[in-house]
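Here is the file run39.txt (compact mmCIF, C-alpha atoms).
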```txt
# COMPACT_ATOMS: atom_id res chain seq x y z
CA MET I 1 18.68 13.45 26.07
CA SER I 2 18.03 14.09 22.38
CA ASP I 3 20.80 16.70 22.18
CA GLU I 4 23.31 13.96 23.07
CA ALA I 5 22.39 11.98 19.96
CA ASP I 6 25.21 10.59 17.84
CA ILE I 7 25.30 13.19 15.07
CA ARG I 8 28.45 13.37 13.04
CA ALA I 9 29.57 16.72 11.60
CA HIS I 10 30.12 17.19 7.87
CA PRO I 11 33.24 19.34 7.42
CA ASP I 12 32.33 20.84 4.06
CA GLY I 13 29.74 23.39 3.08
CA GLY I 14 26.78 23.08 0.74
CA SER I 15 27.02 21.80 -2.79
CA GLY I 16 24.78 21.48 -5.81
CA SER I 17 24.45 22.01 -9.52
CA ASP I 18 22.32 24.05 -11.84
CA GLY I 19 20.76 20.97 -13.45
CA GLU I 20 17.03 20.82 -13.97
CA SER I 21 14.82 19.35 -11.29
CA GLY I 22 12.65 16.33 -11.95
CA SER I 23 10.31 14.31 -9.75
CA GLY I 24 7.76 11.56 -9.78
CA LEU I 25 5.47 14.14 -8.22
CA PRO I 26 5.42 17.81 -9.27
CA GLY I 27 8.54 19.39 -7.78
CA ALA I 28 7.68 22.94 -8.68
CA ALA I 29 4.90 24.86 -10.42
CA ARG I 30 5.46 27.73 -12.79
CA THR I 31 4.09 31.07 -11.70
CA PRO I 32 2.23 32.45 -14.76
CA GLY I 33 4.11 35.35 -16.29
CA ALA I 34 6.72 35.50 -13.55
CA GLY I 35 9.37 33.15 -14.92
CA THR I 36 9.74 31.49 -11.51
CA VAL I 37 8.48 28.34 -9.82
CA THR I 38 6.99 27.61 -6.43
CA ARG I 39 9.11 25.57 -4.01
CA ALA I 40 8.20 24.12 -0.61
CA VAL I 41 10.97 25.42 1.67
CA VAL I 42 11.72 24.39 5.26
CA VAL I 43 11.40 27.39 7.57
CA GLY I 44 11.25 25.74 10.99
CA THR I 45 11.73 22.47 12.88
CA GLY I 46 10.84 21.21 16.33
CA HIS I 47 10.65 18.01 18.34
CA TYR I 48 9.43 16.54 21.59
CA LEU I 49 10.47 13.47 23.57
CA PRO I 50 8.61 12.06 26.59
CA GLU I 51 10.31 12.54 29.94
CA ARG I 52 10.71 8.84 30.69
CA VAL I 53 13.96 7.39 29.36
CA VAL I 54 14.00 3.58 29.07
CA THR I 55 17.50 2.10 29.00
CA ASN I 56 18.40 -1.36 27.77
CA ALA I 57 18.87 -2.38 31.39
CA GLU I 58 15.09 -2.34 31.90
CA PHE I 59 14.71 -5.10 29.31
CA THR I 60 17.57 -7.24 30.59
CA GLU I 61 15.79 -7.54 33.93
CA ARG I 62 12.87 -9.49 32.45
CA LEU I 63 13.84 -10.65 28.92
CA ASP I 64 16.49 -13.06 27.69
CA THR I 65 18.66 -10.29 26.30
CA SER I 66 21.55 -8.01 27.19
CA HIS I 67 22.64 -4.44 26.59
CA ASP I 68 25.44 -5.64 24.32
CA TRP I 69 23.07 -7.83 22.28
CA ILE I 70 20.61 -4.97 21.74
CA VAL I 71 23.37 -2.55 20.75
CA SER I 72 25.05 -5.04 18.42
CA ARG I 73 21.78 -5.84 16.64
CA SER I 74 20.28 -2.36 16.47
CA GLY I 75 22.60 0.35 17.79
CA ILE I 76 19.93 1.34 20.32
CA GLU I 77 20.99 2.23 23.87
CA ARG I 78 17.88 3.99 25.14
CA ARG I 79 14.48 5.21 24.04
CA HIS I 80 11.63 7.33 25.44
CA PHE I 81 8.20 6.02 26.47
CA ALA I 82 5.14 8.22 26.84
CA ALA I 83 3.73 8.68 30.34
CA PRO I 84 0.29 7.31 31.27
CA GLY I 85 -2.25 9.68 29.77
CA GLU I 86 0.27 11.15 27.33
CA ALA I 87 -1.05 10.59 23.82
CA THR I 88 0.23 11.05 20.28
CA SER I 89 -1.64 14.35 19.89
CA HIS I 90 0.00 15.77 23.02
CA MET I 91 3.50 15.02 21.75
CA ALA I 92 2.62 16.31 18.28
CA ALA I 93 1.36 19.60 19.71
CA HIS I 94 4.59 20.06 21.72
CA ALA I 95 6.66 19.51 18.58
CA ALA I 96 4.42 21.86 16.61
CA ARG I 97 4.90 24.66 19.13
CA ALA I 98 8.66 24.12 19.04
CA ALA I 99 8.67 24.37 15.24
CA LEU I 100 6.59 27.56 15.32
CA GLY I 101 9.02 29.02 17.82
CA ASP I 102 11.98 28.05 15.66
CA ALA I 103 10.37 29.70 12.63
CA GLY I 104 9.24 32.77 14.58
CA LEU I 105 5.68 32.24 13.40
CA GLY I 106 2.28 32.25 15.03
CA ALA I 107 -0.07 29.30 14.66
CA GLU I 108 -2.54 31.51 12.79
CA SER I 109 -0.07 31.68 9.89
CA LEU I 110 -0.57 27.98 9.11
CA ASP I 111 -2.88 26.96 6.28
CA ALA I 112 -2.78 23.25 7.06
CA ILE I 113 -1.51 20.59 9.45
CA ILE I 114 -0.58 17.08 8.33
CA VAL I 115 0.28 14.41 10.90
CA ALA I 116 1.97 11.14 9.97
CA THR I 117 1.14 8.47 12.55
CA SER I 118 0.19 4.83 12.95
CA THR I 119 -0.73 5.29 16.62
CA PRO I 120 -3.55 7.87 16.71
CA ASP I 121 -5.27 8.81 19.96
CA LEU I 122 -8.59 7.53 18.61
CA THR I 123 -9.84 5.72 15.54
CA PHE I 124 -11.12 9.14 14.54
CA PRO I 125 -10.95 12.11 14.41
CA ALA I 126 -7.49 12.67 12.96
CA VAL I 127 -4.64 13.57 15.29
CA ALA I 128 -4.02 16.60 13.05
CA THR I 129 -7.39 18.07 14.03
CA MET I 130 -6.51 17.60 17.70
CA VAL I 131 -3.24 19.45 17.16
CA GLN I 132 -5.17 22.17 15.34
CA ALA I 133 -7.39 22.59 18.40
CA GLU I 134 -4.38 22.55 20.77
CA LEU I 135 -2.87 25.41 18.77
CA GLY I 136 -6.12 27.36 19.01
CA LEU I 137 -6.86 27.25 15.28
CA LYS I 138 -10.30 27.11 13.71
CA THR I 139 -9.23 27.84 10.14
CA GLY I 140 -7.38 25.89 7.48
CA PHE I 141 -7.48 22.11 7.13
CA ALA I 142 -5.93 19.14 8.91
CA PHE I 143 -5.57 15.42 8.21
CA ASP I 144 -3.47 12.35 9.01
CA VAL I 145 -1.31 10.16 6.78
CA GLN I 146 -0.72 6.48 7.61
CA ALA I 147 2.29 4.84 5.95
CA VAL I 148 3.91 3.54 9.16
CA CYS I 149 7.66 4.32 9.28
CA ALA I 150 7.51 5.89 5.81
CA GLY I 151 4.65 8.13 6.93
CA PHE I 152 6.67 11.33 7.27
CA ILE I 153 8.06 10.97 3.74
CA TYR I 154 4.53 10.44 2.41
CA ALA I 155 3.28 13.42 4.44
CA LEU I 156 6.07 15.65 3.09
CA ALA I 157 5.09 14.63 -0.43
CA GLN I 158 1.46 15.57 0.24
CA ALA I 159 2.44 18.92 1.74
CA GLN I 160 4.77 19.72 -1.14
CA ALA I 161 2.08 18.89 -3.71
CA LEU I 162 -0.46 21.10 -1.93
CA ILE I 163 2.00 24.00 -1.85
CA VAL I 164 3.00 23.57 -5.49
CA ALA I 165 -0.69 23.41 -6.47
CA GLY I 166 -1.36 26.66 -4.63
CA THR I 167 -3.82 25.04 -2.21
CA ALA I 168 -1.78 26.14 0.81
CA ARG I 169 1.11 28.52 1.40
CA ARG I 170 2.41 27.27 4.75
CA ILE I 171 1.97 23.73 6.11
CA MET I 172 3.01 22.10 9.38
CA VAL I 173 4.10 18.49 8.81
CA ILE I 174 4.39 16.33 11.94
CA GLY I 175 5.49 12.77 12.62
CA ALA I 176 4.29 11.50 16.01
CA GLU I 177 4.07 8.01 17.53
CA THR I 178 3.38 6.19 20.78
CA PHE I 179 4.62 2.78 19.64
CA SER I 180 5.08 1.69 23.25
CA ARG I 181 1.31 1.14 23.31
CA ILE I 182 1.33 -1.47 20.52
CA LEU I 183 4.40 -3.49 21.56
CA ASP I 184 4.42 -7.03 22.88
CA HIS I 185 6.70 -6.31 25.82
CA ASP I 186 7.53 -10.00 26.15
CA ASP I 187 8.91 -10.23 22.60
CA ARG I 188 12.61 -9.38 22.76
CA GLY I 189 12.78 -9.15 18.97
CA THR I 190 10.53 -6.08 18.85
CA ALA I 191 10.06 -4.71 22.38
CA VAL I 192 13.62 -3.36 22.55
CA LEU I 193 13.51 -1.55 19.21
CA PHE I 194 10.79 1.08 19.43
CA GLY I 195 10.22 4.35 21.24
CA ASP I 196 7.86 7.32 21.40
CA GLY I 197 8.25 10.92 20.29
CA ALA I 198 7.32 13.60 17.79
CA GLY I 199 9.03 15.86 15.29
CA ALA I 200 7.67 18.71 13.21
CA LEU I 201 8.68 20.70 10.17
CA ILE I 202 7.12 23.79 8.59
CA LEU I 203 7.09 24.12 4.81
CA GLU I 204 6.48 27.48 3.15
CA ALA I 205 5.89 28.46 -0.47
CA GLN I 206 8.84 30.42 -1.83
CA PRO I 207 9.92 31.27 -5.38
CA GLY I 208 12.66 29.33 -7.16
CA GLN I 209 14.16 29.15 -10.62
CA GLY I 210 13.28 25.52 -11.33
CA GLY I 211 16.77 24.04 -11.07
CA SER I 212 18.55 21.93 -8.48
CA ALA I 213 20.15 25.05 -6.98
CA ASP I 214 16.75 26.11 -5.59
CA ARG I 215 16.01 25.90 -1.90
CA GLY I 216 13.20 23.58 -0.80
CA ILE I 217 11.98 20.16 -1.88
CA LEU I 218 13.63 19.23 -5.17
CA ALA I 219 12.36 15.69 -5.74
CA VAL I 220 10.18 12.95 -4.26
CA ASP I 221 10.02 9.20 -4.82
CA LEU I 222 7.23 7.07 -3.30
CA ASN I 223 6.72 3.30 -3.48
CA ALA I 224 4.66 0.47 -2.00
CA ASP I 225 4.36 -3.32 -2.28
CA GLY I 226 1.37 -4.77 -0.46
CA SER I 227 2.46 -8.35 -1.17
CA GLN I 228 5.03 -7.95 1.62
CA ARG I 229 2.54 -6.82 4.26
CA ASP I 230 2.99 -9.93 6.43
CA ILE I 231 6.64 -9.27 7.31
CA LEU I 232 5.79 -6.17 9.36
CA TYR I 233 2.29 -5.55 10.70
CA VAL I 234 0.08 -5.12 13.76
CA ASP I 235 -2.19 -8.07 14.59
CA GLY I 236 -5.26 -6.01 15.43
CA GLY I 237 -7.61 -3.41 14.03
CA VAL I 238 -11.09 -1.94 14.03
CA ALA I 239 -12.46 -4.16 11.26
CA THR I 240 -10.80 -7.40 12.43
CA THR I 241 -10.15 -7.88 16.14
CA GLY I 242 -11.68 -4.68 17.47
CA SER I 243 -8.50 -4.06 19.47
CA ALA I 244 -5.25 -2.23 18.80
CA GLY I 245 -3.17 -5.41 18.61
CA CYS I 246 0.62 -5.76 18.84
CA LEU I 247 3.44 -5.23 16.39
CA ARG I 248 4.78 -8.35 14.64
CA MET I 249 7.93 -8.43 12.54
CA GLN I 250 10.10 -10.84 10.58
CA GLY I 251 13.36 -9.07 11.30
CA LYS I 252 15.61 -10.75 8.74
CA GLU I 253 13.15 -10.18 5.91
CA VAL I 254 12.60 -6.55 6.88
CA PHE I 255 16.37 -5.99 6.97
CA ARG I 256 16.82 -7.47 3.51
CA HIS I 257 14.08 -5.37 1.95
CA ALA I 258 15.11 -2.22 3.82
CA VAL I 259 18.70 -2.02 2.61
CA GLU I 260 17.82 -2.68 -1.02
CA LYS I 261 14.75 -0.46 -1.20
CA LEU I 262 16.15 2.48 0.79
CA ALA I 263 19.22 2.72 -1.41
CA GLN I 264 17.07 2.43 -4.55
CA THR I 265 14.57 5.12 -3.56
CA ALA I 266 17.30 7.53 -2.46
CA GLN I 267 19.17 7.04 -5.74
CA THR I 268 15.98 7.63 -7.72
CA ALA I 269 15.11 10.82 -5.84
CA ILE I 270 18.67 12.15 -6.16
CA ALA I 271 18.63 11.58 -9.91
CA ARG I 272 15.21 13.23 -10.23
CA ALA I 273 16.61 16.28 -8.45
CA GLY I 274 19.31 16.57 -11.11
CA LEU I 275 22.05 15.73 -8.62
CA ALA I 276 24.63 13.01 -8.00
CA PRO I 277 25.29 11.21 -4.69
CA ALA I 278 28.59 13.08 -4.35
CA GLN I 279 26.61 16.34 -4.18
CA ILE I 280 24.58 15.23 -1.16
CA ASP I 281 25.66 16.95 2.05
CA TRP I 282 23.55 14.93 4.49
CA VAL I 283 21.50 11.75 4.55
CA VAL I 284 18.77 11.73 7.22
CA PRO I 285 17.48 8.15 7.24
CA HIS I 286 14.64 6.54 9.09
CA GLN I 287 16.16 5.65 12.44
CA ALA I 288 15.22 1.97 12.62
CA ASN I 289 18.49 0.14 12.99
CA LEU I 290 22.11 1.27 12.81
CA ARG I 291 23.09 -1.74 10.72
CA ILE I 292 20.46 -0.84 8.12
CA ILE I 293 21.61 2.79 8.13
CA ARG I 294 25.25 1.80 7.60
CA ALA I 295 24.47 -0.73 4.86
CA THR I 296 22.29 1.77 3.01
CA ALA I 297 24.93 4.50 3.25
CA GLN I 298 27.50 2.08 1.84
CA LYS I 299 25.24 1.27 -1.12
CA LEU I 300 24.81 4.99 -1.76
CA GLY I 301 28.54 5.60 -1.48
CA VAL I 302 27.95 8.15 1.27
CA PRO I 303 30.36 8.09 4.27
CA MET I 304 28.84 7.83 7.73
CA GLU I 305 30.28 11.26 8.53
CA ARG I 306 27.50 12.62 6.30
CA VAL I 307 24.70 10.53 7.84
CA ILE I 308 22.59 11.81 10.75
CA THR I 309 22.06 9.11 13.39
CA THR I 310 19.92 9.48 16.51
CA VAL I 311 18.81 5.85 16.83
CA ALA I 312 21.03 5.23 19.86
CA ASP I 313 19.05 7.72 21.93
CA HIS I 314 15.55 7.46 20.46
CA GLY I 315 15.17 3.92 19.13
CA ASN I 316 12.77 3.47 16.24
CA THR I 317 10.06 6.12 16.55
CA SER I 318 8.45 5.16 13.22
CA ALA I 319 6.98 8.21 11.45
CA ALA I 320 8.56 10.51 14.04
CA SER I 321 12.14 9.38 13.46
CA ILE I 322 13.08 11.56 10.47
CA PRO I 323 11.59 14.83 11.79
CA LEU I 324 13.14 14.10 15.19
CA ALA I 325 16.56 13.62 13.59
CA LEU I 326 16.12 16.72 11.42
CA SER I 327 15.17 18.85 14.40
CA VAL I 328 17.99 17.58 16.64
CA ALA I 329 20.57 18.14 13.90
CA ALA I 330 19.20 21.60 13.13
CA ARG I 331 19.34 22.56 16.81
CA GLN I 332 23.00 21.53 16.89
CA GLY I 333 23.74 23.72 13.87
CA ARG I 334 24.68 20.83 11.61
CA PHE I 335 22.78 22.09 8.56
CA ALA I 336 24.05 25.13 6.68
CA PRO I 337 21.85 27.13 4.28
CA GLY I 338 22.12 25.69 0.78
CA GLN I 339 23.12 22.19 1.84
CA VAL I 340 21.35 19.23 0.22
CA ILE I 341 19.59 16.66 2.40
CA VAL I 342 18.21 13.26 1.43
CA ALA I 343 15.63 11.70 3.76
CA GLU I 344 14.52 8.10 3.17
CA ALA I 345 12.33 5.62 5.04
CA ILE I 346 10.63 2.24 4.78
CA GLY I 347 7.79 0.83 6.86
CA GLY I 348 5.01 -1.69 7.02
CA GLY I 349 2.99 -2.13 3.87
CA LEU I 350 5.63 -2.31 2.62
CA ALA I 351 5.79 1.43 1.93
CA TRP I 352 8.98 3.36 1.24
CA GLY I 353 10.23 6.58 -0.28
CA ALA I 354 12.70 9.45 -0.29
CA VAL I 355 12.74 13.24 -0.44
CA VAL I 356 15.58 15.47 -1.61
CA LEU I 357 15.58 19.03 -0.35
CA ARG I 358 17.94 21.97 -0.17
CA TRP I 359 18.10 23.56 3.29
```
How would this structure read if it were set down as structure tokens?
Amino acid sequence: MSDEADIRAHPDGGSGSDGESGSGLPGAARTPGAGTVTRAVVVGTGHYLPERVVTNAEFTERLDTSHDWIVSRSGIERRHFAAPGEATSHMAAHAARAALGDAGLGAESLDAIIVATSTPDLTFPAVATMVQAELGLKTGFAFDVQAVCAGFIYALAQAQALIVAGTARRIMVIGAETFSRILDHDDRGTAVLFGDGAGALILEAQPGQGGSADRGILAVDLNADGSQRDILYVDGGVATTGSAGCLRMQGKEVFRHAVEKLAQTAQTAIARAGLAPAQIDWVVPHQANLRIIRATAQKLGVPMERVITTVADHGNTSAASIPLALSVAARQGRFAPGQVIVAEAIGGGLAWGAVVLRW
């Protein structure tokens, strides 16, 4: 089903400039005596979606809603729900294997695994350690990142920093969620929006020249504002209710913050990369809501023909949405070597951010 996602082709090839790279986090580290820098370059992608496809019709049978209402408000037509017994770590491991296959690498070549998730199998240990075990690894390190829908952007930033610092040479970064387990299925405002899935990306240390023409991550921008935590949260937790709780959202407020903050963070990251919006080949946004995606693209001055959208088929998969979209688009041959991609996301916290990378 994922290969039928609404992905619009960009007719032109890659673009870029030779301007210097800048970032709120280190974008590249000089190699002593070599005159080059270290970049974190994408070498493989993969994704996994549960077998069960949930159409809008399943909600119309028991909620005061309709297919047309759901599509008009969100752009979502279907989503995937995990099967009983299928956990976040299982989906993450499937996506990891797919990414390794895409890269032509063995699991033993990984130095680290980072998983972005808000729906771990257990309170601890980290999902990343479970994926490590599933891949048969007993070396390297593994940990989770929790920044809700912005989690994959935060995880990419961590992986890039570790590679630039020389702590790791090759890192698997995964976004994986089973949001179906924390939904109030009687709340039409949230139950229809979310789905389950996983996406993975492998970053590898490669040399660059330090300019925006380099391949790999060129710039990162991360942000948070805890004063807005009450507009999107889960009403449970270990230290409060002792239960997982259910997702609660003030939709209008989230929409307002999302459009403004996503455009701002993308613009900041693009400028830090030494590029202009006109030089961006693709925007890969968090797949929360088609109206948010369109409004953000308009603010950026980027036509929808250069925006990857999979929300119709996947719904909002939180931290998994960007790696899912990246993997689906890559499988369809949408990305050409040298093209510039901007990924941006916002989630509960509020937490938001963007990454600029050259494919």
*With only C-alpha atoms as the basis for distance, which of I:Gly236, I:Gly353, I:Gly315, I:Gly251 is at the shortest distance from Arg78 in chain I?*
I:Gly315
*So which residues touch Thr88 in chain I within 7 Å, counting all atoms listed in the file, skipping near sequence neighbours fewer than 6 positions away, as a ChimeraX atom specification?*
/I:119-121,176-178
*Have a look at I:Ser318, I:Val41, I:Glu344, I:Thr36 and name the one nearest to Leu203 in chain I; count only C-alpha atoms.*
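Of all the options, I:Val41 lies closest to Leu203 in chain I.
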*Please identify all polymer residues lying at most 10 Å from the point (23.2, -3.6, 20.1) (file coordinates), using all atoms listed in the file, and present the result as a list of chain:residue names.*
I:Asn56, I:Ser66, I:His67, I:Asp68, I:Trp69, I:Ile70, I:Val71, I:Ser72, I:Arg73, I:Ser74, I:Gly75, I:Ile76, I:Glu77, I:Val192, I:Leu193, I:Asn289, I:Leu290, I:Arg291, I:Ala312
*Which of these residues is nearest to Ala336 in chain I, using only C-alpha atoms: I:Ser243, I:Leu156, I:Arg215, I:Pro84?*
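Of I:Ser243, I:Leu156, I:Arg215, I:Pro84, the one nearest Ala336 in chain I, counting only C-alpha atoms, is I:Arg215.
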*From the set I:Val259, I:Leu122, I:Ile174, I:Ala161, which residue has the shortest atom-to-atom contact distance to Val238 in chain I, counting all atoms listed in the file?*
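Selected residue with least distance to Val238 in chain I: I:Leu122.
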*Could you state the separation of CA of Arg62 in chain I and CA of Thr317 in chain I in Å, given to one decimal place?*
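Interatomic distance here is 22.5 Å.
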Starting from 8 Å padding per side, set up an axis-aligned box that covers all listed atoms of range 142-149 of chain I and hand over centre and edge lengths in Å, one decimal, as lines of an AutoDock Vina configuration file.
```
center_x = 0.9
center_y = 11.3
center_z = 7.6
size_x = 29.6
size_y = 31.6
size_z = 19.3
```
_Please list as a count of residues only every residue within 12 Å of Ile171 in chain I, counting all atoms listed in the file and excluding residues in the same chain fewer than 4 positions away._
43
*Kindly indicate which residue among I:Ala351, I:Ala198, I:Leu232, I:Leu222 lies nearest to Ser321 in chain I, using only C-alpha atoms for the distances.*
I:Ala198
*Find the distance between CA of Ile182 in chain I and CA of Gly348 in chain I and write it in Å to one decimal.*
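We find that CA of Ile182 in chain I and CA of Gly348 in chain I lie 14.0 Å from each other.
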*Go through I:Arg39, I:Ala87, I:Val148, I:Ile346 one by one, measure the shortest atom-to-atom distance of each to Arg170 in chain I using only C-alpha atoms, and give the residue with the smallest value.*
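Looking only at the distances to Arg170 in chain I, the closest residue turns out to be I:Arg39.
CA of Val340 in chain I sits 10.2 Å away from CA of Pro277 in chain I.
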*Please provide the set of residues having any atom within 12 Å of Gln287 in chain I, restricted to all atoms listed in the file, with same-chain residues fewer than 4 positions apart removed, written as number ranges by chain.*
I: 5-6, 74-76, 79, 149-150, 193-195, 258, 283, 291-294, 296, 307-326, 343-347
